[in-house]
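S.K.: Input: one structure, supplied below.
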Amino acid sequence: MAVSVSVFLGFFLGLVLVGLVSSAKFDQLFQPSWANDHFVYEGELLKLKLDHYSGAGFSSKSRYMFGKVTIQIKLVEGDSAGTVTAFYMSSDGPNHNEFDFEFLGNTTGEPYTIQTNIYVNGVGNREQRLNLWFDPTKEFHSYSLFWNQRHVLFLVDDTPIRVHPNMENKGLPFPKDQPMGVYSSIWNADDWATQGGRVKTDWSHAPFIATYTGFQIDACEVPASVAATESAKNCSSSGVKRYWWDEPTLAELNVHQSHQLKWVRARHMVYDYCTDTARFPVMPLECVHHRH
């Protein structure tokens with residue numbers, strides 16, 4: 001693991017901090033995990049194809065604890081109904097932790113929907129959905145997951161769209177003790193992805209293609225030989241060992257980021273599990289204690 005210096009602008013407010021950095025081409029950080037014949041490499045670009053036979057997916061070569069993962073994606077153009085492109089982090093096992101971006105395709109002219117979800121100790125059902133404020137099929141946009149011991153942030157072009165805070169002081173578990181891999185995939189999910197499954201995939205438009213570039217992982221790499229119980233300690237600041245994700249300025253959203261998040265929620269959110277009384281007659285505890 002190489003120690004380097006990262007300069008972060010925008011969300012990180014120009015802060016220069018020391019961390020463990022991996023920013024590279026696809027094959028230096030990732031590897032195909034299924035359907036190799038549905039990968040197309042074009043210089044700095046990677047394309048994943050979905051057709052009637054298969055989708056495709058890739059995974060990181062290493063696991064990580066805390067930091068930031070970013071991938072730039074140009075989503076499926078045109079009629080993408082029934083398709084899902086996913087970018088997520090996940091640990092292993094039945095009690096796994098997971099942070100999900102799922103991009104739900106739609107008919108031509110309708111907005112793309114992002115669904116986010118968080119699993120803690122194997123329990124999910126924390127879906128939020130929002131419509132994007134731009135066309136994600138025309139240009140590349142960056143999608144990021146930032147994770148430290150205080151919160152998990154979902155970001156689109158460095159604008160926070162969701163925050164999941166550590167509420168252990170309220171008796172709620174927080175994902176801080178399992179190293180996670182980084183994954184992305186494209187697949188057919190027309191039983192639920194578009195309008196609750198009412199709109200099916202039109203295979204006459206196949207292949208459906210998601211294009212990737214700008215792979216960046218700025219996080220603490222955890223060797224396979226390190227026990228999960230040691231991961232959090234090894235990847236947390238102590239004494240003279242300082243990691244950039246533990247800096248006080250990154251412990252919570254600043255005023256500008258809070259305003260951005262409120263704007264996203266007010267203008268673009270279309271579903272929040274916290275307000276779904278049909279699914280949850282009793283409001284989930286994390287919703288009671290945290291209203292973002």
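Ligands are numbered from 1 in the order shown, residues from 1 within each chain, and chains are lettered A, B, ... in the order they appear in the structure tokens.
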Let's see if you can do this: from backbone DSSP, list all strand (DSSP E or B) residues in region 29-221 of chain A, as a CSV table (one decimal) with N, CA, C and O atoms, in the first residue's frame.

M.R.:
```csv
chain,number,residue,atom,x,y,z
A,30,PHE,N,-9.6,-3.3,-10.6
A,30,PHE,CA,-10.8,-4.1,-10.7
A,30,PHE,C,-10.5,-5.3,-11.6
A,30,PHE,O,-9.5,-5.3,-12.3
A,31,GLN,N,-11.5,-6.2,-11.6
A,31,GLN,CA,-11.4,-7.4,-12.5
A,31,GLN,C,-12.9,-7.8,-12.8
A,31,GLN,O,-13.8,-7.6,-12.0
A,32,PRO,N,-13.1,-8.4,-14.0
A,32,PRO,CA,-14.4,-8.9,-14.3
A,32,PRO,C,-14.8,-10.0,-13.4
A,32,PRO,O,-14.0,-10.8,-13.0
A,33,SER,N,-16.1,-10.0,-13.0
A,33,SER,CA,-16.5,-11.0,-12.1
A,33,SER,C,-17.5,-12.0,-12.7
A,33,SER,O,-17.7,-13.1,-12.3
A,34,TRP,N,-18.1,-11.6,-13.8
A,34,TRP,CA,-18.9,-12.5,-14.7
A,34,TRP,C,-19.1,-11.9,-16.0
A,34,TRP,O,-19.0,-10.7,-16.2
A,39,PHE,N,-17.8,-7.4,-21.8
A,39,PHE,CA,-16.9,-6.3,-21.6
A,39,PHE,C,-16.3,-5.8,-22.9
A,39,PHE,O,-15.8,-6.5,-23.7
A,40,VAL,N,-16.3,-4.4,-23.1
A,40,VAL,CA,-15.7,-3.8,-24.2
A,40,VAL,C,-14.7,-2.7,-23.7
A,40,VAL,O,-15.1,-1.8,-22.9
A,41,TYR,N,-13.4,-2.8,-24.1
A,41,TYR,CA,-12.4,-1.9,-23.6
A,41,TYR,C,-12.1,-1.0,-24.8
A,41,TYR,O,-11.7,-1.4,-25.9
A,42,GLU,N,-12.2,0.4,-24.6
A,42,GLU,CA,-11.9,1.4,-25.6
A,42,GLU,C,-11.1,2.4,-25.0
A,42,GLU,O,-11.6,3.4,-24.5
A,45,LEU,N,-11.9,3.9,-21.6
A,45,LEU,CA,-13.3,3.6,-21.3
A,45,LEU,C,-13.6,2.1,-21.2
A,45,LEU,O,-12.9,1.3,-21.8
A,46,LEU,N,-14.5,1.8,-20.3
A,46,LEU,CA,-15.0,0.4,-20.2
A,46,LEU,C,-16.5,0.4,-20.4
A,46,LEU,O,-17.2,1.3,-19.9
A,47,LYS,N,-16.9,-0.5,-21.3
A,47,LYS,CA,-18.4,-0.6,-21.5
A,47,LYS,C,-18.8,-2.0,-21.1
A,47,LYS,O,-18.2,-3.0,-21.4
A,48,LEU,N,-19.9,-2.0,-20.3
A,48,LEU,CA,-20.6,-3.2,-19.9
A,48,LEU,C,-21.9,-3.4,-20.8
A,48,LEU,O,-22.7,-2.4,-20.9
A,49,LYS,N,-22.1,-4.6,-21.3
A,49,LYS,CA,-23.2,-4.8,-22.2
A,49,LYS,C,-24.3,-5.7,-21.5
A,49,LYS,O,-23.9,-6.7,-20.8
A,50,LEU,N,-25.5,-5.4,-21.7
A,50,LEU,CA,-26.6,-6.3,-21.3
A,50,LEU,C,-27.4,-6.6,-22.6
A,50,LEU,O,-27.8,-5.8,-23.3
A,56,ALA,N,-23.4,-8.2,-17.1
A,56,ALA,CA,-22.0,-8.3,-16.8
A,56,ALA,C,-21.7,-7.5,-15.5
A,56,ALA,O,-22.5,-6.7,-15.0
A,57,GLY,N,-20.6,-7.9,-14.8
A,57,GLY,CA,-20.3,-7.2,-13.6
A,57,GLY,C,-18.8,-7.3,-13.3
A,57,GLY,O,-18.1,-8.2,-13.8
A,58,PHE,N,-18.3,-6.4,-12.5
A,58,PHE,CA,-16.9,-6.4,-12.1
A,58,PHE,C,-16.8,-6.1,-10.6
A,58,PHE,O,-17.7,-5.7,-9.9
A,59,SER,N,-15.6,-6.5,-10.0
A,59,SER,CA,-15.4,-6.3,-8.6
A,59,SER,C,-13.9,-5.8,-8.4
A,59,SER,O,-13.1,-6.0,-9.2
A,60,SER,N,-13.7,-5.2,-7.2
A,60,SER,CA,-12.4,-4.7,-6.9
A,60,SER,C,-11.5,-5.9,-6.5
A,60,SER,O,-12.0,-6.9,-6.1
A,63,ARG,N,-10.1,-5.3,-0.7
A,63,ARG,CA,-11.2,-4.8,0.2
A,63,ARG,C,-10.7,-3.6,0.9
A,63,ARG,O,-9.5,-3.4,1.1
A,64,TYR,N,-11.6,-2.8,1.4
A,64,TYR,CA,-11.3,-1.5,1.9
A,64,TYR,C,-12.1,-1.2,3.2
A,64,TYR,O,-13.2,-1.7,3.4
A,65,MET,N,-11.5,-0.3,4.1
A,65,MET,CA,-12.2,0.2,5.2
A,65,MET,C,-12.0,1.7,5.2
A,65,MET,O,-10.9,2.2,5.2
A,66,PHE,N,-13.1,2.4,5.1
A,66,PHE,CA,-13.1,3.9,5.2
A,66,PHE,C,-12.4,4.6,4.0
A,66,PHE,O,-11.5,4.0,3.5
A,67,GLY,N,-12.9,5.7,3.7
A,67,GLY,CA,-12.3,6.5,2.6
A,67,GLY,C,-13.4,6.8,1.6
A,67,GLY,O,-14.6,6.9,1.9
A,68,LYS,N,-13.0,7.0,0.3
A,68,LYS,CA,-13.9,7.4,-0.7
A,68,LYS,C,-13.7,6.6,-2.0
A,68,LYS,O,-12.5,6.4,-2.4
A,69,VAL,N,-14.7,6.2,-2.6
A,69,VAL,CA,-14.7,5.4,-3.9
A,69,VAL,C,-15.5,6.2,-4.9
A,69,VAL,O,-16.7,6.6,-4.6
A,70,THR,N,-15.0,6.4,-6.1
A,70,THR,CA,-15.6,7.2,-7.1
A,70,THR,C,-15.5,6.5,-8.5
A,70,THR,O,-14.4,6.0,-8.8
A,71,ILE,N,-16.6,6.4,-9.2
A,71,ILE,CA,-16.6,6.0,-10.6
A,71,ILE,C,-17.4,6.9,-11.4
A,71,ILE,O,-18.5,7.4,-11.0
A,72,GLN,N,-16.9,7.3,-12.6
A,72,GLN,CA,-17.7,8.1,-13.5
A,72,GLN,C,-18.4,7.1,-14.5
A,72,GLN,O,-17.8,6.2,-15.0
A,73,ILE,N,-19.7,7.4,-14.6
A,73,ILE,CA,-20.6,6.5,-15.4
A,73,ILE,C,-21.4,7.3,-16.4
A,73,ILE,O,-21.9,8.4,-16.0
A,74,LYS,N,-21.5,6.8,-17.6
A,74,LYS,CA,-22.5,7.3,-18.5
A,74,LYS,C,-23.5,6.1,-18.7
A,74,LYS,O,-23.2,5.1,-19.2
A,83,THR,N,-33.9,-2.2,-17.1
A,83,THR,CA,-32.5,-2.5,-16.8
A,83,THR,C,-32.1,-1.8,-15.5
A,83,THR,O,-32.7,-0.8,-15.1
A,84,VAL,N,-31.1,-2.4,-14.8
A,84,VAL,CA,-30.5,-1.8,-13.7
A,84,VAL,C,-29.0,-1.8,-13.8
A,84,VAL,O,-28.4,-2.8,-14.2
A,85,THR,N,-28.4,-0.6,-13.6
A,85,THR,CA,-27.0,-0.5,-13.5
A,85,THR,C,-26.6,-0.2,-12.0
A,85,THR,O,-27.2,0.7,-11.4
A,86,ALA,N,-25.8,-1.0,-11.4
A,86,ALA,CA,-25.5,-0.8,-10.0
A,86,ALA,C,-24.1,-0.5,-9.7
A,86,ALA,O,-23.2,-1.0,-10.4
A,87,PHE,N,-23.8,0.3,-8.7
A,87,PHE,CA,-22.5,0.6,-8.2
A,87,PHE,C,-22.6,0.5,-6.7
A,87,PHE,O,-23.4,1.2,-6.1
A,88,TYR,N,-21.8,-0.3,-6.0
A,88,TYR,CA,-22.0,-0.5,-4.6
A,88,TYR,C,-20.7,-1.0,-3.9
A,88,TYR,O,-19.8,-1.5,-4.6
A,89,MET,N,-20.7,-0.9,-2.6
A,89,MET,CA,-19.7,-1.6,-1.8
A,89,MET,C,-20.4,-2.6,-0.9
A,89,MET,O,-21.5,-2.4,-0.5
A,90,SER,N,-19.7,-3.7,-0.7
A,90,SER,CA,-20.3,-4.8,0.1
A,90,SER,C,-19.2,-5.6,0.8
A,90,SER,O,-18.2,-5.8,0.2
A,98,GLU,N,-23.6,-3.2,3.3
A,98,GLU,CA,-23.6,-2.8,1.9
A,98,GLU,C,-24.1,-1.4,1.7
A,98,GLU,O,-25.1,-1.0,2.4
A,99,PHE,N,-23.5,-0.7,0.8
A,99,PHE,CA,-24.0,0.6,0.4
A,99,PHE,C,-24.3,0.6,-1.1
A,99,PHE,O,-23.3,0.4,-1.9
A,100,ASP,N,-25.5,0.9,-1.5
A,100,ASP,CA,-25.9,0.6,-2.9
A,100,ASP,C,-26.3,1.9,-3.6
A,100,ASP,O,-27.1,2.7,-3.1
A,101,PHE,N,-25.8,2.1,-4.8
A,101,PHE,CA,-26.4,2.9,-5.9
A,101,PHE,C,-27.0,2.0,-6.9
A,101,PHE,O,-26.3,1.1,-7.4
A,102,GLU,N,-28.3,2.1,-7.2
A,102,GLU,CA,-28.9,1.4,-8.3
A,102,GLU,C,-29.6,2.4,-9.2
A,102,GLU,O,-30.5,3.1,-8.8
A,103,PHE,N,-29.2,2.4,-10.5
A,103,PHE,CA,-29.8,3.3,-11.5
A,103,PHE,C,-30.8,2.5,-12.2
A,103,PHE,O,-30.6,1.6,-13.0
A,104,LEU,N,-32.1,3.0,-12.1
A,104,LEU,CA,-33.2,2.2,-12.6
A,104,LEU,C,-33.6,2.8,-14.0
A,104,LEU,O,-34.0,4.0,-14.0
A,113,THR,N,-34.0,7.2,-12.4
A,113,THR,CA,-34.2,7.1,-11.0
A,113,THR,C,-33.0,6.5,-10.4
A,113,THR,O,-32.6,5.4,-10.8
A,114,ILE,N,-32.5,7.1,-9.3
A,114,ILE,CA,-31.4,6.5,-8.5
A,114,ILE,C,-32.1,5.9,-7.2
A,114,ILE,O,-32.9,6.6,-6.5
A,115,GLN,N,-31.9,4.6,-7.0
A,115,GLN,CA,-32.3,4.0,-5.7
A,115,GLN,C,-31.0,3.8,-4.9
A,115,GLN,O,-30.1,3.2,-5.4
A,116,THR,N,-31.0,4.3,-3.7
A,116,THR,CA,-29.9,4.0,-2.7
A,116,THR,C,-30.5,3.1,-1.6
A,116,THR,O,-31.7,3.1,-1.3
A,117,ASN,N,-29.6,2.3,-1.1
A,117,ASN,CA,-30.0,1.4,0.0
A,117,ASN,C,-28.8,1.1,0.9
A,117,ASN,O,-27.6,1.3,0.4
A,118,ILE,N,-29.0,0.8,2.1
A,118,ILE,CA,-27.9,0.5,3.1
A,118,ILE,C,-28.3,-0.7,3.9
A,118,ILE,O,-29.4,-0.8,4.4
A,119,TYR,N,-27.4,-1.7,3.9
A,119,TYR,CA,-27.5,-2.9,4.7
A,119,TYR,C,-26.5,-2.8,5.9
A,119,TYR,O,-25.3,-2.4,5.7
A,120,VAL,N,-27.0,-3.1,7.1
A,120,VAL,CA,-26.2,-3.1,8.2
A,120,VAL,C,-26.4,-4.5,8.9
A,120,VAL,O,-27.6,-4.8,9.3
A,123,VAL,N,-29.1,-6.5,7.3
A,123,VAL,CA,-30.5,-6.0,7.2
A,123,VAL,C,-30.5,-4.7,6.3
A,123,VAL,O,-29.8,-3.8,6.6
A,128,GLN,N,-34.2,4.6,-0.6
A,128,GLN,CA,-34.6,6.0,-1.0
A,128,GLN,C,-34.5,6.1,-2.5
A,128,GLN,O,-33.6,5.5,-3.1
A,129,ARG,N,-35.4,6.8,-3.2
A,129,ARG,CA,-35.3,7.0,-4.6
A,129,ARG,C,-35.4,8.5,-4.9
A,129,ARG,O,-36.1,9.3,-4.3
A,130,LEU,N,-34.6,8.9,-5.9
A,130,LEU,CA,-34.7,10.3,-6.4
A,130,LEU,C,-34.5,10.3,-7.9
A,130,LEU,O,-33.9,9.5,-8.5
A,131,ASN,N,-35.1,11.3,-8.5
A,131,ASN,CA,-34.9,11.6,-10.0
A,131,ASN,C,-33.8,12.5,-10.1
A,131,ASN,O,-33.7,13.5,-9.4
A,141,HIS,N,-20.9,11.4,-15.3
A,141,HIS,CA,-21.1,12.0,-14.0
A,141,HIS,C,-20.4,11.1,-13.0
A,141,HIS,O,-20.4,9.9,-13.1
A,142,SER,N,-19.9,11.7,-11.9
A,142,SER,CA,-19.3,11.0,-10.9
A,142,SER,C,-20.2,10.5,-9.8
A,142,SER,O,-21.1,11.3,-9.3
A,143,TYR,N,-20.1,9.3,-9.4
A,143,TYR,CA,-20.9,8.7,-8.3
A,143,TYR,C,-19.9,8.2,-7.2
A,143,TYR,O,-19.0,7.5,-7.5
A,144,SER,N,-20.1,8.7,-6.0
A,144,SER,CA,-19.1,8.4,-4.9
A,144,SER,C,-19.8,7.9,-3.7
A,144,SER,O,-20.9,8.3,-3.3
A,145,LEU,N,-19.0,7.0,-3.0
A,145,LEU,CA,-19.4,6.6,-1.6
A,145,LEU,C,-18.2,7.0,-0.7
A,145,LEU,O,-17.1,6.7,-0.9
A,146,PHE,N,-18.6,7.8,0.3
A,146,PHE,CA,-17.6,8.3,1.3
A,146,PHE,C,-18.0,7.6,2.7
A,146,PHE,O,-19.2,7.7,3.1
A,147,TRP,N,-17.0,7.1,3.4
A,147,TRP,CA,-17.3,6.3,4.6
A,147,TRP,C,-16.3,6.5,5.6
A,147,TRP,O,-15.1,6.4,5.4
A,151,HIS,N,-20.2,8.6,9.5
A,151,HIS,CA,-21.3,8.5,8.6
A,151,HIS,C,-20.9,7.9,7.3
A,151,HIS,O,-19.7,7.7,7.0
A,152,VAL,N,-21.9,7.5,6.5
A,152,VAL,CA,-21.8,7.1,5.1
A,152,VAL,C,-22.5,8.1,4.3
A,152,VAL,O,-23.6,8.5,4.5
A,153,LEU,N,-21.8,8.6,3.2
A,153,LEU,CA,-22.3,9.6,2.3
A,153,LEU,C,-22.4,9.0,0.9
A,153,LEU,O,-21.5,8.4,0.4
A,154,PHE,N,-23.6,9.3,0.3
A,154,PHE,CA,-23.8,9.1,-1.2
A,154,PHE,C,-23.7,10.4,-1.9
A,154,PHE,O,-24.4,11.3,-1.5
A,155,LEU,N,-22.8,10.5,-2.9
A,155,LEU,CA,-22.6,11.7,-3.6
A,155,LEU,C,-22.8,11.6,-5.1
A,155,LEU,O,-22.3,10.6,-5.7
A,156,VAL,N,-23.4,12.6,-5.7
A,156,VAL,CA,-23.5,12.7,-7.2
A,156,VAL,C,-22.8,13.9,-7.6
A,156,VAL,O,-23.2,15.0,-7.2
A,159,THR,N,-22.2,16.3,-4.9
A,159,THR,CA,-23.3,16.8,-4.2
A,159,THR,C,-23.9,15.7,-3.3
A,159,THR,O,-24.2,14.6,-3.8
A,160,PRO,N,-24.0,15.8,-2.0
A,160,PRO,CA,-24.5,14.8,-1.2
A,160,PRO,C,-26.0,14.6,-1.4
A,160,PRO,O,-26.8,15.5,-1.5
A,161,ILE,N,-26.4,13.3,-1.7
A,161,ILE,CA,-27.8,13.0,-1.9
A,161,ILE,C,-28.4,12.2,-0.7
A,161,ILE,O,-29.6,12.0,-0.6
A,162,ARG,N,-27.5,11.6,0.1
A,162,ARG,CA,-27.9,10.8,1.3
A,162,ARG,C,-26.8,10.8,2.3
A,162,ARG,O,-25.6,10.7,1.9
A,163,VAL,N,-27.2,10.8,3.5
A,163,VAL,CA,-26.2,10.6,4.6
A,163,VAL,C,-26.8,9.6,5.6
A,163,VAL,O,-28.0,9.7,6.0
A,164,HIS,N,-26.0,8.7,6.0
A,164,HIS,CA,-26.4,7.7,7.0
A,164,HIS,C,-25.5,7.8,8.2
A,164,HIS,O,-24.3,7.4,8.2
A,165,PRO,N,-25.9,8.5,9.3
A,165,PRO,CA,-25.0,8.8,10.4
A,165,PRO,C,-24.8,7.6,11.3
A,165,PRO,O,-25.7,6.7,11.4
A,180,MET,N,-14.9,-3.9,2.9
A,180,MET,CA,-15.8,-4.0,1.8
A,180,MET,C,-15.1,-4.0,0.5
A,180,MET,O,-14.2,-3.3,0.3
A,181,GLY,N,-15.6,-4.8,-0.4
A,181,GLY,CA,-15.2,-4.7,-1.8
A,181,GLY,C,-16.1,-3.7,-2.6
A,181,GLY,O,-17.1,-3.2,-2.1
A,182,VAL,N,-15.6,-3.4,-3.8
A,182,VAL,CA,-16.3,-2.4,-4.6
A,182,VAL,C,-16.8,-3.1,-5.9
A,182,VAL,O,-16.0,-3.9,-6.5
A,183,TYR,N,-18.1,-2.9,-6.3
A,183,TYR,CA,-18.7,-3.7,-7.3
A,183,TYR,C,-19.5,-2.8,-8.3
A,183,TYR,O,-20.0,-1.7,-7.9
A,184,SER,N,-19.7,-3.3,-9.5
A,184,SER,CA,-20.6,-2.7,-10.4
A,184,SER,C,-21.1,-3.7,-11.4
A,184,SER,O,-20.4,-4.7,-11.7
A,185,SER,N,-22.3,-3.5,-11.8
A,185,SER,CA,-22.9,-4.5,-12.7
A,185,SER,C,-24.1,-3.9,-13.5
A,185,SER,O,-24.6,-2.9,-13.1
A,186,ILE,N,-24.5,-4.6,-14.6
A,186,ILE,CA,-25.7,-4.2,-15.3
A,186,ILE,C,-26.5,-5.5,-15.5
A,186,ILE,O,-25.9,-6.6,-15.8
A,187,TRP,N,-27.8,-5.5,-15.3
A,187,TRP,CA,-28.6,-6.7,-15.5
A,187,TRP,C,-30.0,-6.3,-15.7
A,187,TRP,O,-30.5,-5.2,-15.6
A,188,ASN,N,-30.8,-7.4,-16.1
A,188,ASN,CA,-32.2,-7.2,-16.4
A,188,ASN,C,-33.0,-7.4,-15.1
A,188,ASN,O,-32.9,-8.4,-14.4
A,208,PHE,N,-27.9,-3.1,-24.3
A,208,PHE,CA,-27.9,-1.9,-23.5
A,208,PHE,C,-26.5,-1.7,-22.9
A,208,PHE,O,-25.9,-2.7,-22.4
A,209,ILE,N,-26.0,-0.5,-23.0
A,209,ILE,CA,-24.5,-0.3,-22.6
A,209,ILE,C,-24.4,0.8,-21.6
A,209,ILE,O,-24.9,1.9,-21.8
A,210,ALA,N,-23.7,0.5,-20.5
A,210,ALA,CA,-23.3,1.4,-19.5
A,210,ALA,C,-21.8,1.6,-19.7
A,210,ALA,O,-21.0,0.6,-19.8
A,211,THR,N,-21.3,2.9,-19.7
A,211,THR,CA,-19.9,3.2,-20.0
A,211,THR,C,-19.3,3.8,-18.7
A,211,THR,O,-19.8,4.7,-18.1
A,212,TYR,N,-18.0,3.4,-18.4
A,212,TYR,CA,-17.3,3.7,-17.2
A,212,TYR,C,-16.0,4.4,-17.5
A,212,TYR,O,-15.3,4.0,-18.5
A,213,THR,N,-15.6,5.3,-16.7
A,213,THR,CA,-14.2,5.8,-16.7
A,213,THR,C,-13.9,6.4,-15.3
A,213,THR,O,-14.7,6.4,-14.4
A,214,GLY,N,-12.7,7.0,-15.1
A,214,GLY,CA,-12.4,7.7,-13.9
A,214,GLY,C,-12.5,6.9,-12.6
A,214,GLY,O,-13.1,7.3,-11.7
A,215,PHE,N,-11.9,5.7,-12.6
A,215,PHE,CA,-11.9,4.8,-11.5
A,215,PHE,C,-11.0,5.4,-10.4
A,215,PHE,O,-9.8,5.6,-10.6
A,216,GLN,N,-11.5,5.6,-9.2
A,216,GLN,CA,-10.7,6.1,-8.1
A,216,GLN,C,-11.1,5.5,-6.8
A,216,GLN,O,-12.3,5.5,-6.4
A,217,ILE,N,-10.1,5.0,-6.1
A,217,ILE,CA,-10.3,4.5,-4.7
A,217,ILE,C,-9.3,5.1,-3.8
A,217,ILE,O,-8.1,4.9,-4.0
A,218,ASP,N,-9.8,6.0,-2.9
A,218,ASP,CA,-8.9,6.6,-2.0
A,218,ASP,C,-9.3,6.2,-0.6
A,218,ASP,O,-10.2,6.8,0.1
A,219,ALA,N,-8.8,5.0,-0.2
A,219,ALA,CA,-9.3,4.3,1.0
A,219,ALA,C,-8.2,3.5,1.6
A,219,ALA,O,-7.1,3.3,1.1
A,220,CYS,N,-8.5,2.9,2.7
A,220,CYS,CA,-7.6,2.0,3.5
A,220,CYS,C,-7.7,0.6,3.0
A,220,CYS,O,-8.7,-0.1,3.2
A,221,GLU,N,-6.7,0.1,2.3
A,221,GLU,CA,-6.8,-1.2,1.7
A,221,GLU,C,-6.5,-2.3,2.9
A,221,GLU,O,-5.6,-2.1,3.7
```

S.K.: Pick from A:Lys200, A:Lys262, A:His38, A:Lys170: nearest to Gly105 (chain A), with only C-alpha atoms counted?

M.R.: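 Closest to Gly105 (chain A) of all the choices is A:Lys200.
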
S.K.: Excluding Cys274 (chain A) and any residue of its chain fewer than 4 positions from it, enumerate the residues within 8 Å of it, using only C-alpha atoms, and give them as a PyMOL selection string.

M.R.: chain A and resi 126+280+283-284+287

S.K.: I'd like to know which of A:Leu285, A:Asn121, A:Cys235, A:Thr108 is closest to Gly93 (chain A), using only C-alpha atoms.

M.R.: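 The closest residue to Gly93 (chain A) is A:Asn121.
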
S.K.: Find, counting only C-alpha atoms, the residue in A:Glu230, A:Arg198, A:Gln149, A:Ser204 that gets nearest to Glu247 (chain A).

M.R.: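 Counting only C-alpha atoms, the residue closest to Glu247 (chain A) is A:Gln149.
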
S.K.: Calculate how many Å separate CA of His205 (chain A) from CA of His268 (chain A), rounding to one decimal.

M.R.: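 Between CA of His205 (chain A) and CA of His268 (chain A) the gap is 28.0 Å.
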
S.K.: To one decimal place in Å, what is the distance between CA of Phe174 (chain A) and CA of Ala232 (chain A)?

M.R.: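 Taking CA of Phe174 (chain A) and CA of Ala232 (chain A), their separation equals 12.2 Å.
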
S.K.: Hey, can you check how far CA of Arg150 (chain A) sits from CA of Gln178 (chain A)?

M.R.: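 Value for the CA of Arg150 (chain A)-CA of Gln178 (chain A) distance: 15.0 Å.
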